[in-house]
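Chemist: Just query08.pdb, nothing more (PDB, C-alpha atoms):
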```pdb
ATOM      1  CA  MET A   1     130.688 266.610 172.512
ATOM      2  CA  LYS A   2     129.971 263.101 171.272
ATOM      3  CA  PHE A   3     129.571 260.015 173.455
ATOM      4  CA  ILE A   4     130.699 256.543 172.430
ATOM      5  CA  GLU A   5     127.063 255.434 172.717
ATOM      6  CA  GLU A   6     126.303 257.781 169.839
ATOM      7  CA  VAL A   7     128.915 255.996 167.714
ATOM      8  CA  VAL A   8     127.162 252.710 168.538
ATOM      9  CA  VAL A   9     123.715 254.094 167.684
ATOM     10  CA  ASP A  10     124.672 256.161 164.642
ATOM     11  CA  GLU A  11     127.326 253.932 163.049
ATOM     12  CA  PHE A  12     127.502 250.403 164.463
ATOM     13  CA  LEU A  13     123.858 249.399 164.885
ATOM     14  CA  PRO A  14     122.604 250.594 161.462
ATOM     15  CA  THR A  15     125.520 248.797 159.807
ATOM     16  CA  VAL A  16     125.013 245.532 161.698
ATOM     17  CA  ARG A  17     121.229 245.599 161.261
ATOM     18  CA  SER A  18     121.680 246.154 157.541
ATOM     19  CA  MET A  19     124.160 243.274 157.319
ATOM     20  CA  LEU A  20     121.864 240.988 159.327
ATOM     21  CA  ALA A  21     118.827 241.911 157.242
ATOM     22  CA  GLU A  22     120.760 241.030 154.088
ATOM     23  CA  ASP A  23     122.012 237.778 155.626
ATOM     24  CA  LEU A  24     118.545 236.652 156.702
ATOM     25  CA  ARG A  25     117.001 237.530 153.347
ATOM     26  CA  GLU A  26     119.661 235.367 151.670
ATOM     27  CA  ARG A  27     118.653 232.544 154.027
ATOM     28  CA  GLY A  28     115.082 232.720 152.740
ATOM     29  CA  PHE A  29     113.444 234.956 155.366
ATOM     30  CA  THR A  30     110.546 237.108 154.220
ATOM     31  CA  GLN A  31     110.597 240.830 154.882
ATOM     32  CA  ARG A  32     108.128 240.306 157.757
ATOM     33  CA  GLU A  33     110.260 237.510 159.257
ATOM     34  CA  VAL A  34     113.368 239.697 159.089
ATOM     35  CA  ALA A  35     111.480 242.534 160.807
ATOM     36  CA  ASP A  36     110.260 240.212 163.566
ATOM     37  CA  ALA A  37     113.694 238.657 164.082
ATOM     38  CA  LEU A  38     115.459 242.030 164.359
ATOM     39  CA  GLY A  39     112.676 243.847 166.198
ATOM     40  CA  ILE A  40     112.357 246.544 163.544
ATOM     41  CA  SER A  41     109.657 247.675 161.132
ATOM     42  CA  GLN A  42     109.145 246.259 157.643
ATOM     43  CA  SER A  43     109.799 249.712 156.237
ATOM     44  CA  ALA A  44     113.216 249.688 157.929
ATOM     45  CA  VAL A  45     113.941 246.282 156.388
ATOM     46  CA  SER A  46     112.959 247.700 153.005
ATOM     47  CA  LYS A  47     115.394 250.595 153.471
ATOM     48  CA  TYR A  48     118.181 248.177 154.361
ATOM     49  CA  ALA A  49     117.367 246.023 151.336
ATOM     50  CA  HIS A  50     117.449 248.987 148.944
ATOM     51  CA  GLY A  51     120.691 250.415 150.333
ATOM     52  CA  ASP A  52     118.986 253.479 151.764
ATOM     53  CA  VAL A  53     120.879 253.057 155.053
ATOM     54  CA  ALA A  54     124.581 253.870 154.855
ATOM     55  CA  ARG A  55     127.031 251.267 156.152
ATOM     56  CA  HIS A  56     130.275 252.181 157.846
ATOM     57  CA  GLU A  57     133.025 250.615 155.740
ATOM     58  CA  ARG A  58     135.398 249.928 158.624
ATOM     59  CA  ILE A  59     132.671 248.161 160.584
ATOM     60  CA  VAL A  60     131.646 246.096 157.553
ATOM     61  CA  ALA A  61     135.253 245.097 156.940
ATOM     62  CA  ASP A  62     135.923 243.956 160.517
ATOM     63  CA  ASP A  63     136.213 240.147 160.598
ATOM     64  CA  ARG A  64     134.642 239.963 164.054
ATOM     65  CA  VAL A  65     131.580 241.839 162.873
ATOM     66  CA  ARG A  66     131.265 239.643 159.791
ATOM     67  CA  ASP A  67     131.625 236.524 161.945
ATOM     68  CA  LEU A  68     128.956 237.843 164.330
ATOM     69  CA  VAL A  69     126.521 238.492 161.485
ATOM     70  CA  ASP A  70     127.074 235.015 160.040
ATOM     71  CA  ARG A  71     126.766 233.321 163.439
ATOM     72  CA  VAL A  72     123.664 235.239 164.512
ATOM     73  CA  GLY A  73     122.019 234.847 161.100
ATOM     74  CA  GLU A  74     122.635 231.109 161.112
ATOM     75  CA  GLY A  75     121.392 230.784 164.693
ATOM     76  CA  LEU A  76     118.189 232.733 164.041
ATOM     77  CA  ALA A  77     117.504 230.794 160.846
ATOM     78  CA  ALA A  78     118.097 227.412 162.505
ATOM     79  CA  GLY A  79     116.152 228.294 165.642
ATOM     80  CA  ASP A  80     119.217 227.767 167.854
ATOM     81  CA  LEU A  81     119.372 231.434 168.790
ATOM     82  CA  SER A  82     116.484 233.384 170.280
ATOM     83  CA  PRO A  83     116.157 237.139 169.654
ATOM     84  CA  VAL A  84     117.316 237.660 173.254
ATOM     85  CA  ALA A  85     120.409 235.517 172.686
ATOM     86  CA  ALA A  86     121.130 237.377 169.448
ATOM     87  CA  LEU A  87     120.886 240.685 171.306
ATOM     88  CA  VAL A  88     123.281 239.419 173.970
ATOM     89  CA  GLU A  89     125.835 238.332 171.353
ATOM     90  CA  ILE A  90     125.694 241.744 169.679
ATOM     91  CA  GLU A  91     125.986 243.524 173.045
ATOM     92  CA  VAL A  92     129.024 241.420 173.946
ATOM     93  CA  LEU A  93     130.821 242.408 170.738
ATOM     94  CA  ILE A  94     129.894 246.062 171.215
ATOM     95  CA  ARG A  95     131.447 246.115 174.678
ATOM     96  CA  ARG A  96     134.601 244.412 173.441
ATOM     97  CA  LEU A  97     134.952 246.857 170.557
ATOM     98  CA  GLU A  98     134.525 249.737 172.996
ATOM     99  CA  GLU A  99     137.559 248.694 175.024
ATOM    100  CA  GLY A 100     140.455 250.301 173.175
ATOM    101  CA  ASP A 101     139.277 248.741 169.928
ATOM    102  CA  LEU A 102     137.320 249.662 166.799
ATOM    103  CA  LEU A 103     134.511 251.626 168.453
ATOM    104  CA  ALA A 104     136.929 253.387 170.769
ATOM    105  CA  ASP A 105     139.007 254.361 167.711
ATOM    106  CA  LEU A 106     135.947 255.716 165.913
ATOM    107  CA  HIS A 107     134.985 257.620 169.041
ATOM    108  CA  GLU A 108     138.443 259.172 169.340
ATOM    109  CA  GLU A 109     138.289 260.200 165.694
ATOM    110  CA  ALA A 110     135.018 261.970 166.423
ATOM    111  CA  MET A 111     136.445 263.431 169.661
ATOM    112  CA  PRO A 112     140.223 263.901 169.081
ATOM    113  CA  ALA A 113     140.724 265.223 172.632
ATOM    114  CA  LEU A 114     140.026 261.732 173.934
ATOM    115  CA  ALA A 115     143.271 260.455 172.445
ATOM    116  CA  ASP A 116     145.130 262.248 175.239
ATOM    117  CA  ALA A 117     142.802 261.021 177.980
ATOM    118  CA  ASP A 118     143.228 257.787 179.913
ATOM    119  CA  VAL A 119     139.669 256.533 179.492
ATOM    120  CA  GLU A 120     138.330 252.971 179.548
ATOM    121  CA  PHE A 121     134.975 252.129 178.053
ATOM    122  CA  SER A 122     134.313 248.821 179.818
ATOM    123  CA  VAL A 123     130.597 248.838 180.608
ATOM    124  CA  HIS A 124     129.315 245.243 180.578
ATOM    125  CA  ASP A 125     130.750 241.860 181.458
ATOM    126  CA  PRO A 126     131.128 239.913 178.167
ATOM    127  CA  ASP A 127     130.808 236.643 180.074
ATOM    128  CA  SER A 128     127.492 237.530 181.655
ATOM    129  CA  GLY A 129     125.155 234.969 183.187
ATOM    130  CA  LEU A 130     122.470 235.835 180.646
ATOM    131  CA  ARG A 131     124.777 234.960 177.776
ATOM    132  CA  GLU A 132     125.626 231.575 179.315
ATOM    133  CA  ARG A 133     121.962 230.749 179.962
ATOM    134  CA  GLU A 134     121.056 231.545 176.364
ATOM    135  CA  ARG A 135     123.984 229.426 175.141
ATOM    136  CA  VAL A 136     122.746 226.482 177.217
ATOM    137  CA  LEU A 137     119.178 226.853 175.938
ATOM    138  CA  GLY A 138     120.492 226.947 172.367
ATOM    139  CA  SER A 139     122.432 223.723 172.938
ATOM    140  CA  VAL A 140     119.331 221.983 174.297
ATOM    141  CA  ARG A 141     117.360 223.114 171.241
ATOM    142  CA  ARG A 142     120.044 221.668 168.937
ATOM    143  CA  GLY A 143     119.955 218.404 170.847
ATOM    144  CA  LEU A 144     116.188 218.223 170.549
ATOM    145  CA  ARG A 145     116.317 218.876 166.819
ATOM    146  CA  THR A 146     118.977 216.178 166.379
ATOM    147  CA  LEU A 147     116.807 213.591 168.115
ATOM    148  CA  THR A 148     113.377 214.507 166.786
ATOM    149  CA  ASN A 149     114.750 214.513 163.226
ATOM    150  CA  ALA A 150     116.358 211.103 163.690
ATOM    151  CA  SER A 151     114.354 208.205 162.295
ATOM    152  CA  GLY A 152     113.639 205.651 164.994
ATOM    153  CA  PHE A 153     114.378 207.806 168.031
ATOM    154  CA  ALA A 154     110.853 207.398 169.395
ATOM    155  CA  ALA A 155     111.587 203.706 169.957
ATOM    156  CA  LEU A 156     114.324 204.700 172.432
ATOM    157  CA  ILE A 157     111.979 206.766 174.598
ATOM    158  CA  PRO A 158     111.264 205.082 177.976
ATOM    159  CA  ASN A 159     107.722 204.637 179.263
ATOM    160  CA  VAL A 160     108.339 207.490 181.701
ATOM    161  CA  GLY A 161     109.481 209.725 178.837
ATOM    162  CA  ALA A 162     112.841 211.134 177.763
ATOM    163  CA  ASN A 163     114.479 214.504 178.182
ATOM    164  CA  VAL A 164     117.416 216.530 176.899
ATOM    165  CA  ALA A 165     119.229 218.637 179.477
ATOM    166  CA  GLU A 166     122.262 220.855 179.975
ATOM    167  CA  CYS A 167     123.508 222.697 183.038
ATOM    168  CA  LEU A 168     125.397 225.916 183.628
ATOM    169  CA  ASP A 169     129.136 225.694 184.267
ATOM    170  CA  ASP A 170     128.725 226.350 187.987
ATOM    171  CA  ALA A 171     125.458 224.420 188.400
ATOM    172  CA  ARG A 172     124.465 223.547 191.940
ATOM    173  CA  THR A 173     120.720 222.927 191.846
ATOM    174  CA  ILE A 174     118.004 221.846 189.421
ATOM    175  CA  ASP A 175     117.302 225.526 188.735
ATOM    176  CA  ASP A 176     120.704 225.650 187.019
ATOM    177  CA  VAL A 177     119.716 222.917 184.526
ATOM    178  CA  ALA A 178     117.770 223.601 181.312
ATOM    179  CA  ALA A 179     115.532 220.927 179.794
ATOM    180  CA  VAL A 180     112.120 220.345 178.218
ATOM    181  CA  PRO A 181     109.152 221.039 180.513
ATOM    182  CA  GLY A 182     107.405 217.713 180.972
ATOM    183  CA  ARG A 183     109.060 215.000 178.899
ATOM    184  CA  LEU A 184     109.466 213.790 175.341
ATOM    185  CA  VAL A 185     106.962 211.008 174.665
ATOM    186  CA  ASP A 186     106.356 208.507 171.887
ATOM    187  CA  VAL A 187     103.112 209.309 170.050
ATOM    188  CA  LYS A 188     102.474 206.831 167.246
ATOM    189  CA  GLY A 189     106.156 206.463 166.503
ATOM    190  CA  ARG A 190     107.006 210.165 166.710
ATOM    191  CA  ALA A 191     108.832 211.967 169.499
ATOM    192  CA  MET A 192     106.593 214.768 170.735
ATOM    193  CA  VAL A 193     108.129 217.804 172.445
ATOM    194  CA  PRO A 194     105.713 219.487 174.881
ATOM    195  CA  GLY A 195     107.370 222.906 175.022
ATOM    196  CA  GLU A 196     110.414 225.142 174.662
ATOM    197  CA  PRO A 197     113.430 224.385 176.896
ATOM    198  CA  GLU A 198     113.634 226.266 180.174
ATOM    199  CA  PHE A 199     115.507 226.093 183.448
ATOM    200  CA  GLY A 200     114.396 224.119 186.507
ATOM    201  CA  VAL A 201     111.926 221.736 184.860
ATOM    202  CA  SER A 202     113.581 218.296 184.772
ATOM    203  CA  GLU A 203     114.055 216.961 188.257
ATOM    204  CA  HIS A 204     115.034 213.390 187.369
ATOM    205  CA  VAL A 205     117.580 213.891 184.567
ATOM    206  CA  ALA A 206     118.930 216.980 186.318
ATOM    207  CA  THR A 207     119.467 214.986 189.521
ATOM    208  CA  VAL A 208     121.518 212.364 187.657
ATOM    209  CA  LEU A 209     123.587 215.001 185.845
ATOM    210  CA  LEU A 210     124.293 217.038 188.992
ATOM    211  CA  ALA A 211     125.189 213.940 191.016
ATOM    212  CA  ALA A 212     127.637 212.765 188.346
ATOM    213  CA  ARG A 213     129.262 216.198 188.270
ATOM    214  CA  GLU A 214     129.504 216.205 192.061
ATOM    215  CA  ALA A 215     131.428 212.930 191.812
ATOM    216  CA  GLY A 216     133.917 214.312 189.292
ATOM    217  CA  SER A 217     132.320 214.255 185.834
ATOM    218  CA  THR A 218     132.603 217.528 183.913
ATOM    219  CA  ALA A 219     129.747 216.662 181.549
ATOM    220  CA  ARG A 220     127.099 219.371 181.246
ATOM    221  CA  GLY A 221     124.661 217.650 178.873
ATOM    222  CA  ALA A 222     122.443 214.596 179.307
ATOM    223  CA  VAL A 223     119.835 212.516 177.486
ATOM    224  CA  ASN A 224     117.961 209.552 178.957
ATOM    225  CA  VAL A 225     116.773 206.600 176.845
ATOM    226  CA  ARG A 226     115.108 203.208 177.229
ATOM    227  CA  TYR A 227     117.264 200.527 178.835
ATOM    228  CA  ALA A 228     118.251 197.453 176.862
ATOM    229  CA  PRO A 229     121.357 195.269 177.270
ATOM    230  CA  ASP A 230     122.217 195.789 173.599
ATOM    231  CA  THR A 231     122.038 199.566 174.030
ATOM    232  CA  VAL A 232     124.381 199.500 176.999
ATOM    233  CA  ALA A 233     126.772 197.145 175.187
ATOM    234  CA  ALA A 234     126.865 199.381 172.107
ATOM    235  CA  LEU A 235     127.580 202.494 174.186
ATOM    236  CA  ALA A 236     130.197 200.678 176.262
ATOM    237  CA  GLU A 237     132.251 200.012 173.131
ATOM    238  CA  SER A 238     133.169 203.691 172.925
ATOM    239  CA  HIS A 239     132.417 205.271 176.296
ATOM    240  CA  PRO A 240     132.944 204.597 180.017
ATOM    241  CA  THR A 241     129.819 202.871 181.289
ATOM    242  CA  VAL A 242     128.759 202.716 184.931
ATOM    243  CA  GLU A 243     125.802 200.984 186.613
ATOM    244  CA  PHE A 244     124.115 202.471 189.677
ATOM    245  CA  ASP A 245     121.600 201.034 192.145
ATOM    246  CA  ALA A 246     117.981 201.956 191.385
ATOM    247  CA  GLU A 247     116.866 200.960 194.884
ATOM    248  CA  ARG A 248     118.852 203.781 196.489
ATOM    249  CA  PRO A 249     118.195 207.551 196.290
ATOM    250  CA  THR A 250     119.276 208.570 192.789
ATOM    251  CA  ASP A 251     121.711 211.315 193.754
ATOM    252  CA  GLU A 252     123.546 209.124 196.264
ATOM    253  CA  ALA A 253     123.599 206.044 194.013
ATOM    254  CA  VAL A 254     124.912 207.954 190.994
ATOM    255  CA  ALA A 255     127.554 209.834 192.956
ATOM    256  CA  ASP A 256     128.835 206.649 194.621
ATOM    257  CA  ALA A 257     128.863 204.694 191.336
ATOM    258  CA  VAL A 258     130.774 207.389 189.444
ATOM    259  CA  ALA A 259     133.238 207.884 192.300
ATOM    260  CA  ALA A 260     133.832 204.130 192.606
ATOM    261  CA  ALA A 261     134.329 203.684 188.854
ATOM    262  CA  ASP A 262     137.859 205.123 189.086
ATOM    263  CA  LEU A 263     137.679 206.597 185.591
ATOM    264  CA  PRO A 264     141.002 207.247 183.816
ATOM    265  CA  ALA A 265     142.450 210.741 184.120
ATOM    266  CA  GLY A 266     140.686 213.150 181.790
ATOM    267  CA  GLU A 267     137.860 210.736 181.092
ATOM    268  CA  GLY A 268     135.440 212.818 183.143
ATOM    269  CA  SER A 269     135.297 215.451 180.422
ATOM    270  CA  GLU A 270     134.226 212.916 177.808
ATOM    271  CA  THR A 271     130.957 211.077 177.336
ATOM    272  CA  LEU A 272     129.877 208.949 180.287
ATOM    273  CA  VAL A 273     127.082 206.350 180.249
ATOM    274  CA  LEU A 274     125.129 205.671 183.441
ATOM    275  CA  TYR A 275     122.393 203.076 183.744
ATOM    276  CA  GLN A 276     120.247 201.209 186.228
ATOM    277  CA  THR A 277     118.381 197.971 185.560
ATOM    278  CA  GLY A 278     115.256 198.840 187.515
ATOM    279  CA  ALA A 279     113.605 198.016 190.809
ATOM    280  CA  VAL A 280     110.067 197.668 192.150
ATOM    281  CA  GLY A 281     108.149 200.542 190.589
ATOM    282  CA  VAL A 282     111.298 201.903 188.901
ATOM    283  CA  GLU A 283     111.763 201.565 185.143
ATOM    284  CA  PRO A 284     115.313 200.714 183.983
ATOM    285  CA  ILE A 285     116.926 203.706 182.237
ATOM    286  CA  VAL A 286     120.150 204.643 180.433
ATOM    287  CA  TYR A 287     121.628 208.134 180.765
ATOM    288  CA  VAL A 288     124.110 209.481 178.226
ATOM    289  CA  LEU A 289     126.191 212.340 179.648
ATOM    290  CA  ALA A 290     128.412 214.448 177.392
ATOM    291  CA  PRO A 291     130.094 217.872 177.258
ATOM    292  CA  THR A 292     126.854 219.465 175.982
ATOM    293  CA  ALA A 293     123.245 218.479 175.366
ATOM    294  CA  ALA A 294     123.898 218.602 171.623
ATOM    295  CA  ASP A 295     126.830 216.197 172.055
ATOM    296  CA  ALA A 296     124.737 213.781 174.121
ATOM    297  CA  ALA A 297     122.001 213.840 171.477
ATOM    298  CA  ARG A 298     124.491 212.972 168.744
ATOM    299  CA  VAL A 299     125.716 209.957 170.740
ATOM    300  CA  VAL A 300     122.118 208.740 171.065
ATOM    301  CA  ARG A 301     121.404 209.378 167.386
ATOM    302  CA  ASP A 302     124.390 207.203 166.440
ATOM    303  CA  LEU A 303     122.688 204.266 168.155
ATOM    304  CA  LEU A 304     119.962 204.271 165.499
TER     305      LEU A 304
END
```
If you convert what's in this file into structure tokens, what do you get?
Modeler:
Amino acid sequence: MKFIEEVVVDEFLPTVRSMLAEDLRERGFTQREVADALGISQSAVSKYAHGDVARHERIVADDRVRDLVDRVGEGLAAGDLSPVAALVEIEVLIRRLEEGDLLADLHEEAMPALADADVEFSVHDPDSGLRERERVLGSVRRGLRTLTNASGFAALIPNVGANVAECLDDARTIDDVAAVPGRLVDVKGRAMVPGEPEFGVSEHVATVLLAAREAGSTARGAVNVRYAPDTVAALAESHPTVEFDAERPTDEAVADAVAAADLPAGEGSETLVLYQTGAVGVEPIVYVLAPTAADAARVVRDLL
């Protein structure tokens, strides 16, 4: 008797770990860094490197497995993918390959009697909430890297600070929006990031993003920058641009402004620029909304 989990443990995981170890080494990781990234010992990495761990040829040859290894290796090397996110991506592929696919075939070969049984191996939901949250956090990290690597971005940071945010597809509250805890600030001409992105930490930018979505925008990403007429004019050349009233509650003002803008059909899924010109005790700010945080960051970078 052999369970499909044994096929995963004995055949799939050693093969994928070996492929990932090789990929990361080619990307310049040390043996210690590979071990830390994959959650294995250095001795295991050494065995993978010297070919002491057998790979299953059919698993190695599968295009989906090769794509996974390349995508996860690139994400780990770039810092876009956390070890948790990498684990989720691997789990998702495992569950898909268990459903009448490669792993199910290998299991039936090991247990021929299963070929005559009507058995489904669906165990996990591939579109799990954890996977989406990790995807959103990765997008925010990419947006941050785009901006902090851009020469001159610090000059666009408002006095109250900037942030990079992205929400879940079904976001309803600030807890469904990921951003930088605290805010990005200008320190001697450099944008300083106070911490790793997390959910529920950016009340102001999240409020603007959620209000715009409530009014019909499908944007999930947002970046706020310093207001200047030239900035608004430059953005307005390529994107719908809407002003809202800073003297009113932000959520109400944004929702009413977006709803009243009567954007062309389909425009809600594209980049949208919102701005307010200030009020007593309120600094004027520009908000760039886009499909993702990484997209919004690229729009801001192009201003420089």
Chemist: List the neighbours of segment 47-60 of chain A out to 7 Å using all atoms listed in the file; skip same-chain residues closer than 4 positions along the sequence, and give me the result as a ChimeraX atom specification.
Modeler: /A:11-12,14-15,18,21-22,43,65-66
Chemist: Given the selection you just returned, output its residues as a file containing C-alpha atoms, formatted as a PDB file, keeping the file's coordinate frame.
Modeler:
```
ATOM      1  CA  GLU A  11     127.326 253.932 163.049  1.00  0.00           C
ATOM      2  CA  PHE A  12     127.502 250.403 164.463  1.00  0.00           C
ATOM      3  CA  PRO A  14     122.604 250.594 161.462  1.00  0.00           C
ATOM      4  CA  THR A  15     125.520 248.797 159.807  1.00  0.00           C
ATOM      5  CA  SER A  18     121.680 246.154 157.541  1.00  0.00           C
ATOM      6  CA  ALA A  21     118.827 241.911 157.242  1.00  0.00           C
ATOM      7  CA  GLU A  22     120.760 241.030 154.088  1.00  0.00           C
ATOM      8  CA  SER A  43     109.799 249.712 156.237  1.00  0.00           C
ATOM      9  CA  VAL A  65     131.580 241.839 162.873  1.00  0.00           C
ATOM     10  CA  ARG A  66     131.265 239.643 159.791  1.00  0.00           C
TER      11      ARG A  66
END
```
Chemist: Which residues fall under the PyMOL selection byres ((chain A and resi 196) around 10) in this file, as a short mmCIF file (atom, residue, chain, number, x, y, z; two decimals) with C-alpha atoms, in the coordinates of the input?
Modeler:
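Output saved as out00.cif:
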```
data_model
loop_
_atom_site.label_atom_id
_atom_site.label_comp_id
_atom_site.auth_asym_id
_atom_site.auth_seq_id
_atom_site.Cartn_x
_atom_site.Cartn_y
_atom_site.Cartn_z
CA LEU A 137 119.18 226.85 175.94
CA VAL A 140 119.33 221.98 174.30
CA ARG A 141 117.36 223.11 171.24
CA LEU A 144 116.19 218.22 170.55
CA ALA A 179 115.53 220.93 179.79
CA VAL A 180 112.12 220.34 178.22
CA PRO A 181 109.15 221.04 180.51
CA VAL A 193 108.13 217.80 172.44
CA PRO A 194 105.71 219.49 174.88
CA GLY A 195 107.37 222.91 175.02
CA PRO A 197 113.43 224.38 176.90
CA GLU A 198 113.63 226.27 180.17
#
```
Chemist: Evaluated on this file, the PyMOL selection byres ((chain A and resi 152-154) around 9) picks out some residues - which ones are they, written as a short mmCIF file (atom, residue, chain, number, x, y, z; two decimals) with C-alpha atoms, in the coordinates of the input?
Modeler:
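Output (out-v1.cif):
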```cif
data_model
loop_
_atom_site.label_atom_id
_atom_site.label_comp_id
_atom_site.auth_asym_id
_atom_site.auth_seq_id
_atom_site.Cartn_x
_atom_site.Cartn_y
_atom_site.Cartn_z
CA LEU A 147 116.81 213.59 168.12
CA THR A 148 113.38 214.51 166.79
CA ASN A 149 114.75 214.51 163.23
CA ALA A 150 116.36 211.10 163.69
CA SER A 151 114.35 208.20 162.29
CA ALA A 155 111.59 203.71 169.96
CA LEU A 156 114.32 204.70 172.43
CA ILE A 157 111.98 206.77 174.60
CA PRO A 158 111.26 205.08 177.98
CA LEU A 184 109.47 213.79 175.34
CA VAL A 185 106.96 211.01 174.66
CA ASP A 186 106.36 208.51 171.89
CA VAL A 187 103.11 209.31 170.05
CA LYS A 188 102.47 206.83 167.25
CA GLY A 189 106.16 206.46 166.50
CA ARG A 190 107.01 210.16 166.71
CA ALA A 191 108.83 211.97 169.50
CA MET A 192 106.59 214.77 170.74
CA VAL A 300 122.12 208.74 171.06
CA ARG A 301 121.40 209.38 167.39
CA LEU A 304 119.96 204.27 165.50
#
```
Chemist: Hey, can you check how far atom CA of Arg248 of chain A sits from atom CA of Asn224 of chain A?
Modeler: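 Computed distance, atom CA of Arg248 of chain A to atom CA of Asn224 of chain A, equals 18.5 Å.
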Chemist: When the PyMOL selection byres ((chain A and resi 177) around 12) is applied to the file above, which residues end up in the set, as a ChimeraX atom specification?
Modeler: /A:132-134,136-137,139-140,163-176,178-181,197-210,220-222,292-293
Chemist: In Å to one decimal, how far is atom CA of Ile4 of chain A from atom CA of Ile90 of chain A?
Modeler: 15.9 Å
Chemist: What's the 8 Å shell around Ala296 of chain A, counting only C-alpha atoms, without same-chain residues fewer than 6 positions away, as a list in words?
Modeler: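 After dropping sequence-adjacent residues, the list is Gly143, Gly221, Ala222, Val223, Thr271, Val288, Leu289 and Ala290 of chain A.
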Chemist: Between atom CA of Pro112 of chain A and atom CA of Lys2 of chain A, measure the distance and give it in Å to one decimal.
Modeler: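 Between atom CA of Pro112 of chain A and atom CA of Lys2 of chain A the gap works out to 10.5 Å.
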Chemist: When you count all atoms listed in the file, which of these residues is closest to Ala233 of chain A: A:Ala211, A:Val160, A:Val273, A:Ala255?
Modeler: A:Val273
Chemist: Taking all atoms of segment 142-153 of chain A that the file lists and extending 8 Å past them on each side, where is the centre of the axis-aligned box and how long are its edges? Answer in Å to one decimal, as AutoDock Vina command-line options.
Modeler:
```
--center_x 116.7 --center_y 213.7 --center_z 166.6 --size_x 22.7 --size_y 32.0 --size_z 24.6
```
Chemist: Smallest atom-to-atom distance to Pro249 of chain A: which of A:Leu130, A:Leu303, A:Ala279, A:Ala228, using only C-alpha atoms?
Modeler: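 Among the listed residues, A:Ala279 lies closest to Pro249 of chain A.
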